[in-house]
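Let me begin by presenting the structure, written as structure tokens, before commenting on it.
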Amino acid sequence: MESETVWRALASPHRRRLLDLLRDGPQTTGQLSKTLSELSRFAVMQHLGVLEEAGLVLFRKEGRVRLNYANPVPLREMYDRWVNQYASSAAETAQHLRRYAENSKEVAPQLDHNEYRLVKIEMEMRINAPREKVFAALTSEYDHWWPHRYKPDSTCYAEGRVGGYIGEKFKNGGGAVTGMIVYFDPPYKIVSSSPSSLSKGSSAYSIDTLEPDGEGCIYKRELSVWGTVPQEMEKMFREGSKALMEDALKGYLEDGKRYSAPVPQ
């Protein structure tokens, strides 16, 4: 996506407001129109069309309802192109000062603004399995090996399509959505985003790519987490990502180890 198209899409405060509304999860066009009451439904649809053209919004139809999703990938690409390479300690200090000033005197002393940051985790591993089999494990066979669950007896799933959810289904009919697929190119690449509502102040997205390597493949995972990310949370993500790749996923594909719920004592 050309950066000029993205810049134009972000030029409107109404379109920026729409992205803010979609940050924590999809909404219907009707829900967005109700929130932006100063605009007509037709105007909201026009703004969504501009955002869709720029790749910043994806949508899917469910009956007569259109669900709109924010796509963070173009914003991330712009950040890497225009912000990250020019970032400096002075700019970071200015950001911390601004956030400090915007908080009330009662709240600000309790916040550690050094925890508001971007954490990037990059890992690479060879798996002795064909690329297609690894891709299936990341999608249709997700429940067979994924170990981190809100409830040990839940069912995990990853819907293999753009706009597909990643999450859990609980035995009692409940569940949780832990991510959404925003880019899907089987059997080569999956990009997914995670909502901040479940991680208490931080958002994330991951890029999973597969490259053939003889009879196996090279699995690469890039995870970016931004927002309030304490040191202990960063450690959890780094150690957890390593365990997921080396123990759970590799163990499932190479040794046939499947997830099993702990037996109640």
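For the structure tokens, the naming scheme is as follows: chains receive sequential letters (A, B, ...) according to their order of presentation, residues are indexed from 1 within each chain, and ligands are indexed from 1 in presentation order.
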Margin query: When you look at Ser206 (chain A) with a cut-off of 7 Å (counting only C-alpha atoms), what residues show up, excluding the ones that are within fewer than 2 positions of it in the same chain? I need them as number ranges by chain.
Written below: A: 191-193, 204, 208, 221-224
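The two atoms in question, CA of Trp7 (chain A) and CA of Ala54 (chain A), are spaced 8.7 Å apart.
Picture a line from CA of Pro13 (chain A) to CA of Ala43 (chain A); it runs 13.1 Å.
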Next item on the list: Extract, using only C-alpha atoms, all DNA, RNA and protein residues at most 10 Å from Ile181 (chain A), discarding same-chain residues fewer than 5 positions from it, and format them as a PyMOL selection string.
Entry: chain A and resi 71+158-166+190-194+205-206
How would the residues just picked look written out with C-alpha atoms as a compact mmCIF listing (two decimals), in the first residue's frame?
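Okay, selection-v3.txt is ready:
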# COMPACT_ATOMS: atom_id res chain seq x y z
CA ASN A 71 -5.93 -3.35 10.12
CA ALA A 158 -7.95 -20.00 14.54
CA GLU A 159 -10.27 -19.23 11.65
CA GLY A 160 -8.17 -19.48 8.51
CA ARG A 161 -9.26 -16.36 6.60
CA VAL A 162 -8.93 -12.59 6.62
CA GLY A 163 -11.10 -11.31 9.44
CA GLY A 164 -11.05 -14.74 11.11
CA TYR A 165 -10.95 -14.84 14.88
CA ILE A 166 -8.38 -16.52 17.12
CA ILE A 190 -0.27 -14.99 8.57
CA VAL A 191 -0.53 -11.58 10.25
CA SER A 192 -2.77 -11.26 13.30
CA SER A 193 -3.59 -8.52 15.78
CA SER A 194 -4.59 -8.78 19.43
CA TYR A 205 0.42 -8.07 16.42
CA SER A 206 2.38 -11.00 15.10
Next item on the list: Taking the chain letters and numbering used in this document, name the residues of region 21-260 of chain A that DSSP puts in helix (DSSP H, G or I), as an NGL selection string.
Entry: :A and (21-22 or 29-35 or 41-53 or 73-86 or 89-102 or 108-110 or 113-115 or 131-138 or 142-145 or 196-198 or 231-255)
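Nearest to Ile127 (chain A) of all the residues A:Leu249, A:Ala261, A:Met45, A:Leu244 is A:Leu249, counting only C-alpha atoms.
Take CA of His148 (chain A) and CA of Leu210 (chain A): the distance between them is 22.4 Å.
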Note to self: Could you pull out the strand (DSSP E or B) residues of region 16-258 of chain A, going by DSSP on the backbone, and write them as a PyMOL selection string?
What the structure shows: chain A and resi 27-28+57-62+65-70+116-127+155-158+165-169+175-185+189-194+202-213+216-228
Note to self: Set the distance at 12 Å and use only C-alpha atoms: which residues neighbour Asp255 (chain A) once local chain neighbours fewer than 5 positions away are removed? I'd like the list as a ChimeraX atom specification.
What the structure shows: /A:127-129,145,246-250
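Across A:Pro147, A:Arg131, A:Leu36, A:Arg64, the tightest approach to Gly251 (chain A) is made by A:Pro147 when counting only C-alpha atoms.
Minimum atom-to-atom distances from A:Arg126, A:Ser203, A:Ala11, A:Ile121 to Ser241 (chain A) were compared using only C-alpha atoms, and the lowest value belongs to A:Ile121.
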Check: Val6 (chain A): which residues within 8 Å, counting only C-alpha atoms, same-chain residues fewer than 5 positions away excluded, as a list in words?
Finding: Met1, Leu51, Ala54, Gly55, Leu56 and Pro74 of chain A
Export, as a JSON list (two decimals), in the first residue's frame, the selected residues with N, CA and C atoms.
[["chain", "number", "residue", "atom", "x", "y", "z"],
["A", 1, "MET", "N", 0.85, -1.20, 0.00],
["A", 1, "MET", "CA", 0.00, 0.00, 0.00],
["A", 1, "MET", "C", 0.88, 1.25, 0.00],
["A", 51, "LEU", "N", -10.82, 4.55, 4.14],
["A", 51, "LEU", "CA", -9.96, 3.75, 5.00],
["A", 51, "LEU", "C", -9.74, 2.35, 4.42],
["A", 54, "ALA", "N", -7.21, 2.43, 1.64],
["A", 54, "ALA", "CA", -5.85, 2.55, 2.16],
["A", 54, "ALA", "C", -5.40, 1.29, 2.89],
["A", 55, "GLY", "N", -6.28, 0.31, 3.02],
["A", 55, "GLY", "CA", -5.92, -0.92, 3.72],
["A", 55, "GLY", "C", -5.98, -0.83, 5.22],
["A", 56, "LEU", "N", -6.51, 0.29, 5.73],
["A", 56, "LEU", "CA", -6.56, 0.49, 7.18],
["A", 56, "LEU", "C", -7.78, -0.15, 7.82],
["A", 74, "PRO", "N", -0.69, -1.45, 7.75],
["A", 74, "PRO", "CA", -0.17, -0.25, 7.08],
["A", 74, "PRO", "C", 0.41, 0.78, 8.04]]
Item checked: Which of A:Gly63, A:Gly227, A:Pro212, A:Gly167 sits closest to Asp143 (chain A) [using only C-alpha atoms] -> A:Gly167
